[in-house]
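To be precise, the following lines are structure19.pdb, and they hold PDB, C-alpha atoms.
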ATOM      1  CA  MET F   1     249.134 188.487 165.052
ATOM      2  CA  LYS F   2     248.953 185.001 166.611
ATOM      3  CA  SER F   3     252.684 184.808 167.329
ATOM      4  CA  GLU F   4     252.594 188.210 169.066
ATOM      5  CA  SER F   5     249.747 186.977 171.290
ATOM      6  CA  ILE F   6     251.668 183.820 172.177
ATOM      7  CA  THR F   7     254.748 185.884 173.052
ATOM      8  CA  LYS F   8     252.781 188.195 175.346
ATOM      9  CA  VAL F   9     250.652 185.583 177.087
ATOM     10  CA  LEU F  10     252.998 182.544 177.214
ATOM     11  CA  PRO F  11     256.473 184.087 177.394
ATOM     12  CA  ASP F  12     258.138 181.073 178.998
ATOM     13  CA  SER F  13     256.054 178.042 177.993
ATOM     14  CA  ARG F  14     257.908 175.076 176.483
ATOM     15  CA  TRP F  15     254.908 173.980 174.418
ATOM     16  CA  ILE F  16     255.903 173.252 170.833
ATOM     17  CA  GLY F  17     253.327 175.835 169.773
ATOM     18  CA  ALA F  18     254.635 178.632 172.009
ATOM     19  CA  CYS F  19     258.363 178.308 171.263
ATOM     20  CA  PRO F  20     258.151 178.721 167.446
ATOM     21  CA  GLY F  21     255.637 181.530 167.963
ATOM     22  CA  ARG F  22     258.152 183.478 170.043
ATOM     23  CA  ALA F  23     260.883 182.669 167.511
ATOM     24  CA  GLN F  24     258.750 184.027 164.686
ATOM     25  CA  VAL F  25     258.275 187.310 166.537
ATOM     26  CA  ALA F  26     262.023 187.594 167.139
ATOM     27  CA  LEU F  27     262.854 186.946 163.483
ATOM     28  CA  ARG F  28     260.325 189.494 162.273
ATOM     29  CA  ARG F  29     261.866 192.032 164.624
ATOM     30  CA  GLY F  30     265.199 191.517 162.895
ATOM     31  CA  HIS F  31     267.001 189.331 165.438
ATOM     32  CA  ASP F  32     269.915 187.204 164.258
ATOM     33  CA  ALA F  33     268.600 183.946 162.747
ATOM     34  CA  GLU F  34     271.279 181.734 164.298
ATOM     35  CA  ARG F  35     270.719 183.242 167.722
ATOM     36  CA  VAL F  36     266.956 182.760 167.403
ATOM     37  CA  ALA F  37     267.483 179.125 166.343
ATOM     38  CA  ARG F  38     269.691 178.460 169.366
ATOM     39  CA  GLU F  39     267.202 180.080 171.735
ATOM     40  CA  LEU F  40     264.454 177.949 170.196
ATOM     41  CA  TYR F  41     266.617 174.849 170.625
ATOM     42  CA  GLU F  42     267.474 175.634 174.266
ATOM     43  CA  GLY F  43     263.919 176.508 175.239
ATOM     44  CA  SER F  44     262.048 173.650 173.574
ATOM     45  CA  SER F  45     262.179 169.934 172.833
ATOM     46  CA  LEU F  46     263.466 170.537 169.279
ATOM     47  CA  THR F  47     266.915 169.652 167.957
ATOM     48  CA  LEU F  48     269.212 172.434 166.775
ATOM     49  CA  THR F  49     268.886 171.276 163.172
ATOM     50  CA  ARG F  50     265.104 171.326 163.410
ATOM     51  CA  SER F  51     265.212 174.743 165.078
ATOM     52  CA  ARG F  52     267.220 176.145 162.169
ATOM     53  CA  GLU F  53     264.795 174.645 159.667
ATOM     54  CA  ILE F  54     261.841 176.203 161.484
ATOM     55  CA  GLY F  55     263.602 179.569 161.500
ATOM     56  CA  LYS F  56     263.917 179.465 157.707
ATOM     57  CA  ARG F  57     260.258 178.466 157.268
ATOM     58  CA  HIS F  58     259.090 181.269 159.525
ATOM     59  CA  ARG F  59     260.090 183.831 156.902
ATOM     60  CA  THR F  60     257.324 182.627 154.566
ATOM     61  CA  SER F  61     254.824 180.696 156.738
ATOM     62  CA  ASP F  62     252.931 181.057 159.994
ATOM     63  CA  PHE F  63     254.104 179.128 163.041
ATOM     64  CA  THR F  64     250.736 177.362 163.369
ATOM     65  CA  ASP F  65     251.587 175.443 160.185
ATOM     66  CA  LEU F  66     253.928 173.425 162.404
ATOM     67  CA  LEU F  67     251.221 172.422 164.870
ATOM     68  CA  GLU F  68     248.972 169.405 164.927
ATOM     69  CA  PRO F  69     245.230 169.952 165.375
ATOM     70  CA  ARG F  70     243.583 168.506 168.457
ATOM     71  CA  LYS F  71     242.191 165.098 167.596
ATOM     72  CA  LYS F  72     240.010 164.835 170.683
ATOM     73  CA  THR F  73     237.631 167.647 171.514
ATOM     74  CA  GLY F  74     235.383 166.095 174.177
ATOM     75  CA  SER F  75     235.042 167.363 177.731
ATOM     76  CA  ALA F  76     237.949 165.221 178.960
ATOM     77  CA  GLU F  77     240.248 167.078 176.554
ATOM     78  CA  ASN F  78     238.801 170.547 177.039
ATOM     79  CA  PRO F  79     240.795 172.761 179.445
ATOM     80  CA  VAL F  80     237.572 174.370 180.697
ATOM     81  CA  THR F  81     236.181 171.118 182.006
ATOM     82  CA  LYS F  82     239.538 169.533 182.780
ATOM     83  CA  LEU F  83     241.743 172.208 184.337
ATOM     84  CA  PHE F  84     239.935 175.496 184.944
ATOM     85  CA  PRO F  85     237.676 174.120 187.737
ATOM     86  CA  ALA F  86     240.721 172.690 189.514
ATOM     87  CA  ALA F  87     242.593 176.002 189.291
ATOM     88  CA  VAL F  88     239.576 177.969 190.542
ATOM     89  CA  THR F  89     238.975 175.559 193.428
ATOM     90  CA  GLU F  90     242.633 175.674 194.463
ATOM     91  CA  ARG F  91     242.534 179.464 194.433
ATOM     92  CA  GLN F  92     239.459 179.374 196.669
ATOM     93  CA  PHE F  93     241.323 177.071 199.049
ATOM     94  CA  LEU F  94     244.306 179.461 199.115
ATOM     95  CA  ASP F  95     241.994 182.305 200.147
ATOM     96  CA  GLU F  96     240.728 180.101 202.960
ATOM     97  CA  MET F  97     244.299 179.325 204.062
ATOM     98  CA  ASP F  98     245.173 183.019 204.167
ATOM     99  CA  ARG F  99     242.211 183.668 206.457
ATOM    100  CA  LEU F 100     243.265 180.788 208.712
ATOM    101  CA  ARG F 101     246.772 182.251 209.007
ATOM    102  CA  GLU F 102     245.330 185.601 210.085
ATOM    103  CA  ILE F 103     243.428 183.928 212.897
ATOM    104  CA  ARG F 104     246.216 181.554 213.970
ATOM    105  CA  PRO F 105     249.636 183.118 213.158
ATOM    106  CA  THR F 106     251.556 179.936 214.008
ATOM    107  CA  ILE F 107     250.034 178.347 210.888
ATOM    108  CA  ASP F 108     251.746 178.512 207.500
ATOM    109  CA  TYR F 109     251.367 176.541 204.277
ATOM    110  CA  ARG F 110     253.491 175.331 201.388
ATOM    111  CA  ASP F 111     252.250 175.269 197.792
ATOM    112  CA  GLU F 112     253.082 171.846 196.315
ATOM    113  CA  ARG F 113     251.106 172.106 193.055
ATOM    114  CA  PHE F 114     254.062 172.657 190.753
ATOM    115  CA  SER F 115     256.616 170.534 192.591
ATOM    116  CA  GLY F 116     255.781 167.321 190.740
ATOM    117  CA  HIS F 117     254.029 165.900 193.813
ATOM    118  CA  THR F 118     251.025 163.985 192.510
ATOM    119  CA  LEU F 119     249.250 163.452 195.834
ATOM    120  CA  VAL F 120     249.581 166.789 197.633
ATOM    121  CA  ALA F 121     248.442 170.240 196.496
ATOM    122  CA  PHE F 122     249.216 172.128 199.723
ATOM    123  CA  THR F 123     250.853 171.325 203.040
ATOM    124  CA  ILE F 124     249.701 173.126 206.180
ATOM    125  CA  LEU F 125     252.578 173.691 208.610
ATOM    126  CA  GLU F 126     252.710 174.348 212.333
ATOM    127  CA  ASN F 127     255.828 173.941 214.428
ATOM    128  CA  GLU F 128     257.193 170.515 213.415
ATOM    129  CA  LEU F 129     253.872 169.148 212.155
ATOM    130  CA  GLU F 130     252.736 168.912 208.541
ATOM    131  CA  LEU F 131     249.230 168.291 207.243
ATOM    132  CA  PRO F 132     249.126 167.473 203.502
ATOM    133  CA  ILE F 133     246.017 168.456 201.549
ATOM    134  CA  ASN F 134     244.680 167.236 198.203
ATOM    135  CA  VAL F 135     242.191 169.805 196.864
ATOM    136  CA  LYS F 136     239.506 168.455 194.539
ATOM    137  CA  ASN F 137     236.521 169.801 192.656
ATOM    138  CA  ALA F 138     233.434 167.610 192.363
ATOM    139  CA  GLY F 139     231.797 169.195 189.350
ATOM    140  CA  THR F 140     229.749 166.360 187.882
ATOM    141  CA  ARG F 141     226.839 164.786 189.738
ATOM    142  CA  PHE F 142     226.762 160.969 189.762
ATOM    143  CA  GLU F 143     223.174 160.702 188.567
ATOM    144  CA  ASN F 144     222.991 156.900 188.892
ATOM    145  CA  ALA F 145     224.395 156.877 192.430
ATOM    146  CA  GLY F 146     221.163 155.618 193.951
ATOM    147  CA  GLN F 147     220.984 152.631 191.646
ATOM    148  CA  LEU F 148     224.672 151.756 191.588
ATOM    149  CA  VAL F 149     226.068 152.660 195.002
ATOM    150  CA  GLY F 150     223.018 153.260 197.203
ATOM    151  CA  LEU F 151     223.625 156.983 197.772
ATOM    152  CA  ASP F 152     221.613 160.043 196.788
ATOM    153  CA  PRO F 153     223.323 161.846 193.864
ATOM    154  CA  ASP F 154     223.524 165.045 195.931
ATOM    155  CA  ASP F 155     225.119 163.150 198.823
ATOM    156  CA  CYS F 156     227.797 161.308 196.867
ATOM    157  CA  ILE F 157     231.410 162.131 196.018
ATOM    158  CA  PRO F 158     234.016 159.755 194.551
ATOM    159  CA  ILE F 159     237.533 159.071 195.817
ATOM    160  CA  PRO F 160     239.712 156.952 193.469
ATOM    161  CA  ALA F 161     240.460 153.772 195.401
ATOM    162  CA  TYR F 162     244.002 153.287 194.107
ATOM    163  CA  LYS F 163     244.922 156.900 194.952
ATOM    164  CA  ALA F 164     243.595 156.533 198.487
ATOM    165  CA  HIS F 165     245.643 153.364 199.037
ATOM    166  CA  ASP F 166     248.712 155.032 197.536
ATOM    167  CA  ALA F 167     248.267 158.060 199.779
ATOM    168  CA  VAL F 168     247.975 155.970 202.947
ATOM    169  CA  GLU F 169     251.335 154.427 202.086
ATOM    170  CA  LYS F 170     253.097 157.681 201.167
ATOM    171  CA  GLU F 171     251.179 160.454 202.980
ATOM    172  CA  PRO F 172     249.288 158.801 205.856
ATOM    173  CA  ASN F 173     247.914 162.120 207.190
ATOM    174  CA  LEU F 174     246.590 163.283 203.819
ATOM    175  CA  LEU F 175     243.213 165.037 203.757
ATOM    176  CA  TYR F 176     240.973 165.501 200.731
ATOM    177  CA  ALA F 177     239.353 168.951 200.677
ATOM    178  CA  ILE F 178     236.510 168.686 198.163
ATOM    179  CA  SER F 179     234.436 171.516 196.737
ATOM    180  CA  ILE F 180     231.078 170.307 195.445
ATOM    181  CA  ASP F 181     229.972 172.787 192.794
ATOM    182  CA  TYR F 182     228.019 171.447 189.835
ATOM    183  CA  ALA F 183     227.588 174.936 188.324
ATOM    184  CA  LEU F 184     231.237 175.971 188.382
ATOM    185  CA  ILE F 185     231.964 175.109 184.748
ATOM    186  CA  ARG F 186     228.991 177.173 183.626
ATOM    187  CA  ARG F 187     230.177 180.165 185.669
ATOM    188  CA  ILE F 188     233.690 179.836 184.251
ATOM    189  CA  GLU F 189     232.346 179.854 180.706
ATOM    190  CA  SER F 190     229.946 182.732 181.378
ATOM    191  CA  ASN F 191     232.097 184.982 183.571
ATOM    192  CA  LEU F 192     235.809 184.143 183.445
ATOM    193  CA  LEU F 193     236.379 183.464 179.750
ATOM    194  CA  THR F 194     234.554 186.677 178.837
ATOM    195  CA  GLN F 195     237.167 188.744 180.721
ATOM    196  CA  PHE F 196     240.051 187.813 178.415
ATOM    197  CA  ASN F 197     241.686 190.612 176.426
ATOM    198  CA  LYS F 198     242.371 190.224 172.698
ATOM    199  CA  ASP F 199     245.712 188.419 173.125
ATOM    200  CA  GLU F 200     244.424 186.112 175.849
ATOM    201  CA  ALA F 201     241.376 185.220 173.755
ATOM    202  CA  GLU F 202     243.633 184.409 170.790
ATOM    203  CA  VAL F 203     245.873 182.128 172.866
ATOM    204  CA  TRP F 204     242.783 180.453 174.333
ATOM    205  CA  ARG F 205     241.594 179.735 170.794
ATOM    206  CA  LEU F 206     244.985 178.294 169.827
ATOM    207  CA  LEU F 207     245.078 176.034 172.887
ATOM    208  CA  ASN F 208     241.657 174.658 171.990
ATOM    209  CA  GLU F 209     242.510 174.101 168.315
ATOM    210  CA  TYR F 210     246.047 172.724 168.517
ATOM    211  CA  SER F 211     247.952 170.123 170.497
ATOM    212  CA  GLY F 212     251.570 168.957 170.343
ATOM    213  CA  THR F 213     254.510 168.283 172.626
ATOM    214  CA  LEU F 214     254.220 169.783 176.127
ATOM    215  CA  ILE F 215     250.723 171.153 175.499
ATOM    216  CA  ARG F 216     249.967 170.582 179.193
ATOM    217  CA  ASP F 217     252.734 173.035 180.080
ATOM    218  CA  ALA F 218     250.977 175.728 178.044
ATOM    219  CA  GLU F 219     247.538 174.842 179.418
ATOM    220  CA  ASP F 220     248.755 174.998 183.019
ATOM    221  CA  LYS F 221     250.591 178.290 182.580
ATOM    222  CA  PHE F 222     247.667 179.879 180.749
ATOM    223  CA  ILE F 223     244.924 178.653 183.065
ATOM    224  CA  TYR F 224     246.647 179.416 186.365
ATOM    225  CA  SER F 225     247.798 182.842 185.170
ATOM    226  CA  MET F 226     244.289 183.699 183.923
ATOM    227  CA  VAL F 227     242.672 182.625 187.192
ATOM    228  CA  ASN F 228     245.135 184.749 189.188
ATOM    229  CA  LYS F 229     244.953 187.768 186.884
ATOM    230  CA  HIS F 230     241.165 187.909 186.737
ATOM    231  CA  TRP F 231     240.439 186.626 190.238
ATOM    232  CA  ALA F 232     239.279 189.925 191.721
ATOM    233  CA  GLN F 233     236.485 190.181 189.143
ATOM    234  CA  PHE F 234     235.691 186.494 188.712
ATOM    235  CA  SER F 235     235.577 185.686 192.436
ATOM    236  CA  GLU F 236     232.448 187.837 192.670
ATOM    237  CA  TYR F 237     230.639 185.068 190.777
ATOM    238  CA  VAL F 238     231.883 182.156 192.935
ATOM    239  CA  ALA F 239     231.205 182.104 196.656
ATOM    240  CA  LEU F 240     233.840 180.504 198.846
ATOM    241  CA  PRO F 241     232.655 176.900 199.294
ATOM    242  CA  ILE F 242     232.395 174.888 202.454
ATOM    243  CA  PHE F 243     234.961 172.299 201.469
ATOM    244  CA  ARG F 244     234.036 168.778 202.534
ATOM    245  CA  VAL F 245     236.954 167.071 204.245
ATOM    246  CA  ILE F 246     237.830 163.392 204.559
ATOM    247  CA  SER F 247     241.151 161.687 205.199
ATOM    248  CA  THR F 248     242.550 159.027 202.918
ATOM    249  CA  ARG F 249     242.683 156.741 205.943
ATOM    250  CA  LYS F 250     238.934 157.088 206.397
ATOM    251  CA  ALA F 251     238.290 156.537 202.676
ATOM    252  CA  VAL F 252     240.241 153.276 202.820
ATOM    253  CA  ARG F 253     238.445 152.291 206.036
ATOM    254  CA  ILE F 254     235.073 152.836 204.338
ATOM    255  CA  LEU F 255     236.248 150.692 201.450
ATOM    256  CA  GLN F 256     237.223 147.913 203.844
ATOM    257  CA  LYS F 257     234.020 147.983 205.909
ATOM    258  CA  PHE F 258     231.460 148.829 203.226
ATOM    259  CA  PRO F 259     232.557 147.608 199.796
ATOM    260  CA  LYS F 260     229.134 148.086 198.186
ATOM    261  CA  PRO F 261     229.639 151.837 197.472
ATOM    262  CA  THR F 262     232.768 150.858 195.533
ATOM    263  CA  PRO F 263     231.623 149.398 192.217
ATOM    264  CA  GLY F 264     234.166 146.976 190.901
ATOM    265  CA  ILE F 265     234.374 145.331 194.333
ATOM    266  CA  GLY F 266     230.855 145.191 195.696
ATOM    267  CA  LEU F 267     228.686 145.175 192.573
ATOM    268  CA  ARG F 268     228.320 142.084 190.447
ATOM    269  CA  ALA F 269     229.661 142.275 186.874
ATOM    270  CA  TRP F 270     230.612 145.955 187.133
ATOM    271  CA  GLY F 271     233.784 145.324 185.149
ATOM    272  CA  THR F 272     231.797 144.170 182.135
ATOM    273  CA  GLY F 273     229.740 147.360 181.992
ATOM    274  CA  ALA F 274     232.045 150.214 182.997
ATOM    275  CA  SER F 275     235.459 151.419 181.917
ATOM    276  CA  ALA F 276     235.980 154.051 184.637
ATOM    277  CA  GLU F 277     238.469 153.707 187.472
ATOM    278  CA  VAL F 278     237.300 152.131 190.717
ATOM    279  CA  ASN F 279     236.063 154.799 193.151
ATOM    280  CA  VAL F 280     235.133 154.707 196.820
ATOM    281  CA  HIS F 281     231.822 156.582 196.918
ATOM    282  CA  ILE F 282     231.501 158.688 200.040
ATOM    283  CA  SER F 283     228.365 159.986 201.743
ATOM    284  CA  VAL F 284     228.892 163.731 202.110
ATOM    285  CA  SER F 285     226.533 164.101 205.064
ATOM    286  CA  ALA F 286     227.567 161.006 207.016
ATOM    287  CA  GLU F 287     231.259 160.537 206.233
ATOM    288  CA  THR F 288     232.833 163.975 205.705
ATOM    289  CA  LYS F 289     233.395 167.055 207.853
ATOM    290  CA  GLY F 290     232.830 170.633 206.764
ATOM    291  CA  SER F 291     235.916 172.802 206.395
ATOM    292  CA  ASP F 292     234.363 175.260 208.846
ATOM    293  CA  GLU F 293     234.516 172.592 211.577
ATOM    294  CA  ILE F 294     238.094 171.677 210.643
ATOM    295  CA  GLN F 295     239.132 175.340 210.750
ATOM    296  CA  TYR F 296     237.496 175.828 214.143
ATOM    297  CA  ARG F 297     239.401 172.862 215.556
ATOM    298  CA  VAL F 298     242.689 174.082 214.071
ATOM    299  CA  GLN F 299     242.116 177.614 215.383
ATOM    300  CA  ALA F 300     241.460 176.255 218.866
ATOM    301  CA  ASN F 301     243.974 173.409 219.112
ATOM    302  CA  GLY F 302     246.291 173.501 216.098
ATOM    303  CA  ILE F 303     246.797 170.960 213.343
ATOM    304  CA  GLU F 304     247.833 168.335 215.903
ATOM    305  CA  ASN F 305     244.131 168.011 216.714
ATOM    306  CA  ILE F 306     243.486 166.975 213.104
ATOM    307  CA  THR F 307     246.424 164.571 212.747
ATOM    308  CA  GLU F 308     245.341 162.840 215.965
ATOM    309  CA  ALA F 309     241.810 162.486 214.591
ATOM    310  CA  VAL F 310     243.140 161.049 211.321
ATOM    311  CA  ASN F 311     245.203 158.467 213.185
ATOM    312  CA  ARG F 312     242.586 157.482 215.760
ATOM    313  CA  LYS F 313     242.562 153.747 216.507
ATOM    314  CA  ARG F 314     240.053 151.433 218.078
ATOM    315  CA  THR F 315     240.077 147.754 218.974
ATOM    316  CA  GLU F 316     237.500 145.609 217.200
ATOM    317  CA  LEU F 317     236.549 141.981 217.190
ATOM    318  CA  VAL F 318     236.932 140.570 213.693
ATOM    319  CA  PHE F 319     236.097 137.242 212.104
ATOM    320  CA  ASP F 320     239.153 135.008 211.868
ATOM    321  CA  PRO F 321     237.843 131.693 210.540
ATOM    322  CA  GLU F 322     240.070 128.660 210.564
ATOM    323  CA  ILE F 323     237.785 126.984 208.043
TER     324      ILE F 323
END

As structure tokens, the full file:
Amino acid sequence: MKSESITKVLPDSRWIGACPGRAQVALRRGHDAERVARELYEGSSLTLTRSREIGKRHRTSDFTDLLEPRKKTGSAENPVTKLFPAAVTERQFLDEMDRLREIRPTIDYRDERFSGHTLVAFTILENELELPINVKNAGTRFENAGQLVGLDPDDCIPIPAYKAHDAVEKEPNLLYAISIDYALIRRIESNLLTQFNKDEAEVWRLLNEYSGTLIRDAEDKFIYSMVNKHWAQFSEYVALPIFRVISTRKAVRILQKFPKPTPGIGLRAWGTGASAEVNVHISVSAETKGSDEIQYRVQANGIENITEAVNRKRTELVFDPEI
């Protein structure tokens, strides 16, 4: 039964699809209707009156009758392409952090992903120092990079310009740790999704067919729990990447010195032909460091070595025209 699957797999999600599903199970198990309605009210975005009405309907109809079908089904709306790669990449980064802690016991980290912090995924800690990290997956090759930004498609990763500027203001030491893996989505579809049990597969189907209030809550809980649960098996199909590392300060500096790789600033009439956000396009080989080098430096000299490198200054002569 769909409601049984929801109850097993999403026991605490506040998605409008999960809450009535759990209520339906409770009612069919003989729980008091008023108590079920109040639990539905307290655990969801529904009013008490609406919760009571739903409880009455559940006796003769399925909870999915209350849900709205997904109107958008493209890749931007699909949790596989939107959220699963991020969750997998973050899990890979966590494995890397655990190995770093084994080598340098003074290191610790804080998981910021579910704190509401939009810029920082993890913070590496040592003594009084903090090094915030934004973990990203580059899963789509920019095929027109050569024509539009002068970089080879395999040597090009984007950093949203407005996010980099925002980070410099709020988290000046922030590093981007970027996994470049153009086959990750295919491996998720071929190897991770096939490991779901019957209930997990049913909830996955529901999440792809229906939307509604707080759907992102259900997607996050499902995706992160599935990645963790099936990681031992799935990780055999994804090698730990060499994350490419660049600070937000450096991304902004590249934008200031070389605007051409940032369409919207350096390319004529870009705004008339593209609707995407403005990105700073980075050369992987020339402008990023490998995570292996960063780890070596941290192991040898601590995270202070990295924060000093991020905040390095130099004096330059600049044009200052009067006219």

Set out as JSON lines a contact list for range 147-212 of chain F and range 299-306 of chain F with a cut-off of 12 Å, giving each residue of range 147-212 of chain F that qualifies its closest atom pair and distance in Å to one decimal, counting all atoms listed in the file, ordered by chain and rising residue number.
{"residue": "F:Asn173", "atom": "CA", "partner": "F:Ile306", "partner_atom": "CA", "distance": 8.8}
{"residue": "F:Leu174", "atom": "CA", "partner": "F:Ile306", "partner_atom": "CA", "distance": 10.5}
{"residue": "F:Leu175", "atom": "CA", "partner": "F:Ile306", "partner_atom": "CA", "distance": 9.5}

Selection: 6 Å around range 22-28 of chain F, only C-alpha atoms, excl. self and same-chain fewer than 3 positions, as a list of chain:residue names: F:Thr7, F:Cys19, F:His31, F:His58

Ground truth for the PyMOL selection byres ((chain F and resi 109-116) around 12), written as an mmCIF file with C-alpha atoms, keeping the file's coordinate frame:
data_model
loop_
_atom_site.group_PDB
_atom_site.id
_atom_site.type_symbol
_atom_site.label_atom_id
_atom_site.label_comp_id
_atom_site.auth_asym_id
_atom_site.auth_seq_id
_atom_site.Cartn_x
_atom_site.Cartn_y
_atom_site.Cartn_z
ATOM 1 C CA ALA F 86 240.721 172.690 189.514
ATOM 2 C CA ALA F 87 242.593 176.002 189.291
ATOM 3 C CA GLU F 90 242.633 175.674 194.463
ATOM 4 C CA ARG F 91 242.534 179.464 194.433
ATOM 5 C CA PHE F 93 241.323 177.071 199.049
ATOM 6 C CA LEU F 94 244.306 179.461 199.115
ATOM 7 C CA ASP F 95 241.994 182.305 200.147
ATOM 8 C CA GLU F 96 240.728 180.101 202.960
ATOM 9 C CA MET F 97 244.299 179.325 204.062
ATOM 10 C CA ASP F 98 245.173 183.019 204.167
ATOM 11 C CA ARG F 99 242.211 183.668 206.457
ATOM 12 C CA LEU F 100 243.265 180.788 208.712
ATOM 13 C CA ARG F 101 246.772 182.251 209.007
ATOM 14 C CA PRO F 105 249.636 183.118 213.158
ATOM 15 C CA THR F 106 251.556 179.936 214.008
ATOM 16 C CA ILE F 107 250.034 178.347 210.888
ATOM 17 C CA ASP F 108 251.746 178.512 207.500
ATOM 18 C CA HIS F 117 254.029 165.900 193.813
ATOM 19 C CA THR F 118 251.025 163.985 192.510
ATOM 20 C CA LEU F 119 249.250 163.452 195.834
ATOM 21 C CA VAL F 120 249.581 166.789 197.633
ATOM 22 C CA ALA F 121 248.442 170.240 196.496
ATOM 23 C CA PHE F 122 249.216 172.128 199.723
ATOM 24 C CA THR F 123 250.853 171.325 203.040
ATOM 25 C CA ILE F 124 249.701 173.126 206.180
ATOM 26 C CA LEU F 125 252.578 173.691 208.610
ATOM 27 C CA GLU F 126 252.710 174.348 212.333
ATOM 28 C CA ASN F 127 255.828 173.941 214.428
ATOM 29 C CA LEU F 129 253.872 169.148 212.155
ATOM 30 C CA GLU F 130 252.736 168.912 208.541
ATOM 31 C CA LEU F 131 249.230 168.291 207.243
ATOM 32 C CA PRO F 132 249.126 167.473 203.502
ATOM 33 C CA ILE F 133 246.017 168.456 201.549
ATOM 34 C CA ASN F 134 244.680 167.236 198.203
ATOM 35 C CA VAL F 135 242.191 169.805 196.864
ATOM 36 C CA ASP F 217 252.734 173.035 180.080
ATOM 37 C CA ASP F 220 248.755 174.998 183.019
ATOM 38 C CA LYS F 221 250.591 178.290 182.580
ATOM 39 C CA TYR F 224 246.647 179.416 186.365
ATOM 40 C CA ILE F 303 246.797 170.960 213.343
#

Picked residues, the PyMOL selection byres ((chain F and resi 242) around 10), expected as a ChimeraX atom specification: /F:93,96,177-180,239-241,243-245,289-293

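Of the residues listed (F:Thr288, F:Ser283, F:Ser13, F:Thr194), F:Ser283 shows the shortest atom-to-atom separation from Asp152 in chain F; distances use all atoms listed in the file.
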
What are the closest atom pairs, with distances in Å to one decimal, for each residue of range 98-201 of chain F lying within 8 Å of range 249-262 of chain F, using all atoms listed in the file, rows by chain and rising residue number, as CSV?
residue,atom,partner,partner_atom,distance
F:Leu148,CA,F:Pro261,CA,7.7
F:Val149,CA,F:Pro261,CA,4.4
F:Gly150,CA,F:Pro261,CA,6.8
F:Leu151,CA,F:Pro261,CA,7.9
F:Ile159,CA,F:Ala251,CA,7.4
F:Ala161,CA,F:Val252,CA,7.4
F:Ala164,CA,F:Val252,CA,6.4
F:His165,CA,F:Val252,CA,6.6
F:Val168,CA,F:Arg249,CA,6.1
F:Pro172,CA,F:Arg249,CA,6.9
F:Asn173,CA,F:Arg249,CA,7.6
F:Leu174,CA,F:Arg249,CA,7.9

Selection under test: the PyMOL selection byres ((chain F and resi 182) around 7); residues as a ChimeraX atom specification: /F:139-141,180-181,183-184

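Here CA of Lys229 in chain F and CA of Asp199 in chain F stand 13.8 Å from one another.
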
Atomic distance CA of Asp62 in chain F - CA of Leu10 in chain F, expressed in Å with one decimal: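 CA of Asp62 in chain F sits 17.3 Å away from CA of Leu10 in chain F.
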
Straight-line distance linking CA of Glu39 in chain F with CA of Trp204 in chain F, stated in Å to one decimal: 24.6 Å
